[in-house]
Amino acid sequence: MDTKIQVKNRLTAAFSENQKPLLNIYFTAGYPALNDTLPVLRALQNACVDMVEIGMPFSDPLADGPVIQRSSEIALENGMTIKGLFEQIKDMRKEIHIPVLLMGYINPVLRYGIEKFCEDAAAVGIDGVIIPDLPVREYMEDYEEIFQKNNLSNIFLVTPHTSPERLKLIDDHATGFIYAVSTDSTTGNTKDIKQQEEYFSRLKGSGLKNPLMIGFNVRDKESFAFATNYAKGAIIGSAFVKAITGSKNLEKDIDVFIKGIR
């Protein structure tokens with residue numbers, strides 16, 4: 001089954017309409033303060049990012065480094081929940097036109113109910129979902145139809161150790177982009193992304209049907225430019241979360257950060 005034809009949304013349009021490198025920014029819902037989700041999203045759009053990942057905070061994240069872990073802890077202490085997030089962004093499409101994705105872990109989504117989660121995400125205008133610990137086979141067998149019915153892209157992650165067979169399987173069932181994790185470590189570590197040139201070259205030359213976005217260790221103008229030599233765009237998370245930590249003027253600090261990348 002060719003899943004690519006069955007999902008068309010702002011995310012898939014962004015890749016087909018843009019020739020420039022795409023900048024995707026991750027931030028944690030409900031951080032720094034509970035009601036900062038929409039203001040951060042608005043400021044990112046005003047700063048001309050191409051798409052945004054909103055992190056759904058979880059107490060036991062697998063892939064997140066200390067900066068994002070701490071933002072999740074604070075967001076949970078602030079009272080953030082999936083239900084609360086949907087309430088915060090229920091009217092976002094009145095003013096937000098860029099693609100918006102949700103990133104989180106399978107446990108809270110299962111507790112919420114995957115079908116209800118997909119329906120509610122679609123209802124508020126979410127374009128895609130990244131769940132790093134959702135197995136590909138389980139997605140294919142149990143949830144692919146639900147995602148497609150709600151016109152939601154499901155984004156899979158690949159790493160330097162992903163086999164060619166698994167990469168092909170992911171490519172056959174991806175419906176937005178493939179998230180190329182630059183390292184085996186967690187987000188926000190200090191490894192130099194340039195050490196992964198062979199891995200990125202291999203991905204770029206593998207004839208994928210889906211566009212690539214590179215994440216983990218993309219933190220500044222130099223690393224963004226390097227990553228986008230090998231992919232359609234790149235994702236910045238920890239460096240951005242760090243930049244807004246303790247901010248007294250979110251809009252200004254976000255604008256300065258994004259201008260520093262571009």
# chains A, B, ... in the order shown; residues from 1 in each chain; ligands from 1

call {"tool": "select_by_dssp", "arguments": {"residues": "range 80-113 of chain A", "states": "strand (DSSP E)", "output": "PyMOL selection string"}}
result
chain A and resi 100-103

call {"tool": "closest_atom_pairs", "arguments": {"of": "range 58-160 of chain A", "to": "range 41-53 of chain A", "cutoff": "7 Å", "atoms": "only C-alpha atoms", "output": "CSV"}}
result
residue,atom,partner,partner_atom,distance
A:Ile96,CA,A:Arg42,CA,6.9
A:Ile98,CA,A:Met51,CA,5.6
A:Pro99,CA,A:Met51,CA,4.9
A:Val100,CA,A:Val52,CA,5.0
A:Leu101,CA,A:Glu53,CA,4.6
A:Leu102,CA,A:Glu53,CA,5.5
A:Met103,CA,A:Glu53,CA,6.2

call {"tool": "closest_residue", "arguments": {"among": "A:Leu76, A:Val136, A:Asn24, A:Pro66", "to": "Ile258 in chain A", "atoms": "only C-alpha atoms"}}
result
A:Asn24

call {"tool": "residues_around", "arguments": {"residues": "Lys242 in chain A", "least_positions_apart": "2", "cutoff": "12 Å", "atoms": "only C-alpha atoms", "output": "PyMOL selection string"}}
result
chain A and resi 26-28+31-32+65-71+188+219+236-240+244-247+253-254+257

call {"tool": "write_last_selection", "arguments": {"atoms": "C-alpha atoms", "output": "compact mmCIF listing (two decimals), in the first residue's frame"}}
result
# COMPACT_ATOMS: atom_id res chain seq x y z
CA TYR A 26 11.12 21.98 19.04
CA PHE A 27 9.80 23.37 22.31
CA THR A 28 8.03 21.87 25.30
CA TYR A 31 7.27 25.83 29.32
CA PRO A 32 8.65 28.13 30.64
CA GLY A 65 18.83 15.08 27.14
CA PRO A 66 18.96 17.07 30.40
CA VAL A 67 17.77 20.41 28.97
CA ILE A 68 14.56 19.01 27.48
CA GLN A 69 14.08 16.62 30.41
CA ARG A 70 14.16 19.56 32.79
CA SER A 71 11.71 21.55 30.64
CA GLY A 188 21.53 18.26 23.50
CA ARG A 219 22.36 24.03 17.71
CA ILE A 236 16.73 22.38 16.74
CA GLY A 237 15.46 21.50 20.21
CA SER A 238 17.74 21.71 23.24
CA ALA A 239 19.52 24.90 22.11
CA PHE A 240 16.17 26.62 21.61
CA ILE A 244 14.02 30.64 26.27
CA THR A 245 14.81 29.39 29.77
CA GLY A 246 14.52 32.34 32.12
CA SER A 247 13.41 34.65 29.31
CA ASP A 253 14.57 36.29 22.61
CA ILE A 254 12.96 33.92 20.12
CA PHE A 257 17.68 33.09 18.38

call {"tool": "residues_around", "arguments": {"residues": "Val218 in chain A", "least_positions_apart": "4", "cutoff": "7 Å", "atoms": "only C-alpha atoms", "output": "CSV table (one decimal) with N, CA, C and O atoms, in the first residue's frame"}}
result
chain,number,residue,atom,x,y,z
A,223,SER,N,26.0,24.4,12.5
A,223,SER,CA,25.5,23.0,12.4
A,223,SER,C,24.3,22.9,11.6
A,223,SER,O,24.1,21.9,10.9
A,224,PHE,N,23.4,24.0,11.6
A,224,PHE,CA,22.3,23.9,10.7
A,224,PHE,C,22.7,23.9,9.2
A,224,PHE,O,22.2,23.1,8.4
A,235,ILE,N,16.4,20.1,12.6
A,235,ILE,CA,15.5,20.3,13.8
A,235,ILE,C,16.4,20.8,14.9
A,235,ILE,O,17.4,20.2,15.2
A,236,ILE,N,16.0,21.9,15.6
A,236,ILE,CA,16.7,22.4,16.7
A,236,ILE,C,15.8,22.3,17.9
A,236,ILE,O,14.7,22.8,17.9

call {"tool": "residues_around", "arguments": {"residues": "range 12-16 of chain A", "least_positions_apart": "6", "cutoff": "12 Å", "atoms": "only C-alpha atoms", "output": "PyMOL selection string"}}
result
chain A and resi 4-6+22-24+49-52+97-101+127-128+151-155+174-178+209-213+231-233

call {"tool": "write_last_selection", "arguments": {"atoms": "N, CA and C atoms", "output": "compact mmCIF listing (two decimals), in the first residue's frame"}}
result
# COMPACT_ATOMS: atom_id res chain seq x y z
N LYS A 4 1.87 7.26 0.95
CA LYS A 4 2.22 8.65 0.70
C LYS A 4 1.09 9.44 0.07
N ILE A 5 0.27 8.78 -0.77
CA ILE A 5 -0.80 9.52 -1.44
C ILE A 5 -1.95 9.82 -0.50
N GLN A 6 -1.98 9.15 0.64
CA GLN A 6 -3.16 9.24 1.47
C GLN A 6 -3.09 10.32 2.55
N LEU A 22 14.73 23.86 5.35
CA LEU A 22 13.62 24.09 6.27
C LEU A 22 14.11 24.03 7.72
N LEU A 23 13.66 24.99 8.50
CA LEU A 23 14.02 25.04 9.92
C LEU A 23 12.83 24.62 10.77
N ASN A 24 13.03 23.56 11.55
CA ASN A 24 12.00 23.02 12.44
C ASN A 24 12.48 23.23 13.87
N VAL A 49 10.10 30.65 11.17
CA VAL A 49 10.48 29.24 11.10
C VAL A 49 9.52 28.53 10.15
N ASP A 50 9.93 27.39 9.67
CA ASP A 50 9.12 26.69 8.65
C ASP A 50 8.12 25.71 9.24
N MET A 51 8.44 25.18 10.39
CA MET A 51 7.54 24.25 11.08
C MET A 51 7.94 24.15 12.54
N VAL A 52 7.05 23.61 13.35
CA VAL A 52 7.28 23.56 14.79
C VAL A 52 6.88 22.20 15.34
N HIS A 97 -0.30 29.42 10.60
CA HIS A 97 -0.47 28.77 9.30
C HIS A 97 0.66 27.79 8.96
N ILE A 98 1.74 27.79 9.76
CA ILE A 98 2.85 26.87 9.48
C ILE A 98 2.50 25.46 9.99
N PRO A 99 3.19 24.42 9.47
CA PRO A 99 2.94 23.07 9.98
C PRO A 99 3.29 22.95 11.46
N VAL A 100 2.44 22.25 12.20
CA VAL A 100 2.67 22.02 13.62
C VAL A 100 2.59 20.51 13.89
N LEU A 101 3.62 20.00 14.57
CA LEU A 101 3.67 18.59 14.92
C LEU A 101 3.66 18.44 16.44
N ASP A 127 -0.57 18.61 12.18
CA ASP A 127 -0.26 17.99 10.88
C ASP A 127 0.47 16.66 11.01
N GLY A 128 1.21 16.46 12.09
CA GLY A 128 1.98 15.23 12.22
C GLY A 128 2.34 14.94 13.65
N ASN A 151 -5.64 12.26 8.58
CA ASN A 151 -4.73 13.07 7.76
C ASN A 151 -3.52 13.54 8.56
N LEU A 152 -3.01 12.67 9.42
CA LEU A 152 -1.85 12.97 10.25
C LEU A 152 -0.62 12.24 9.72
N SER A 153 0.45 12.96 9.51
CA SER A 153 1.72 12.33 9.17
C SER A 153 2.31 11.68 10.42
N ASN A 154 2.86 10.48 10.26
CA ASN A 154 3.58 9.85 11.36
C ASN A 154 5.05 9.85 11.01
N ILE A 155 5.86 10.43 11.89
CA ILE A 155 7.28 10.61 11.60
C ILE A 155 8.09 9.56 12.35
N ALA A 174 6.39 6.05 5.97
CA ALA A 174 6.47 7.44 6.42
C ALA A 174 5.56 8.30 5.56
N THR A 175 5.00 9.35 6.16
CA THR A 175 4.05 10.19 5.41
C THR A 175 4.32 11.68 5.58
N GLY A 176 5.49 12.04 6.05
CA GLY A 176 5.82 13.46 6.17
C GLY A 176 7.28 13.67 5.85
N PHE A 177 8.13 13.20 6.77
CA PHE A 177 9.56 13.17 6.54
C PHE A 177 10.15 12.08 7.41
N ILE A 178 11.42 11.78 7.19
CA ILE A 178 12.14 10.85 8.04
C ILE A 178 13.08 11.65 8.91
N LYS A 209 12.14 7.96 -0.71
CA LYS A 209 10.98 8.66 -1.27
C LYS A 209 10.60 9.87 -0.41
N ASN A 210 10.89 9.78 0.88
CA ASN A 210 10.54 10.84 1.82
C ASN A 210 11.71 11.79 2.03
N PRO A 211 11.42 13.07 2.27
CA PRO A 211 12.50 13.99 2.62
C PRO A 211 13.09 13.68 3.98
N LEU A 212 14.34 14.07 4.16
CA LEU A 212 15.04 13.89 5.43
C LEU A 212 15.09 15.20 6.20
N MET A 213 14.95 15.10 7.53
CA MET A 213 15.24 16.20 8.43
C MET A 213 16.24 15.66 9.45
N ALA A 231 20.25 17.10 3.94
CA ALA A 231 18.83 16.88 4.20
C ALA A 231 18.03 18.09 3.76
N LYS A 232 16.74 17.90 3.71
CA LYS A 232 15.84 18.99 3.32
C LYS A 232 15.78 20.08 4.39
N GLY A 233 16.08 19.71 5.61
CA GLY A 233 16.03 20.68 6.69
C GLY A 233 16.62 20.09 7.95

call {"tool": "residues_around", "arguments": {"residues": "Tyr139 in chain A", "least_positions_apart": "2", "cutoff": "12 Å", "atoms": "only C-alpha atoms", "output": "number ranges by chain"}}
result
A: 106, 114, 130-137, 141-148, 154-156, 169-170, 173-174
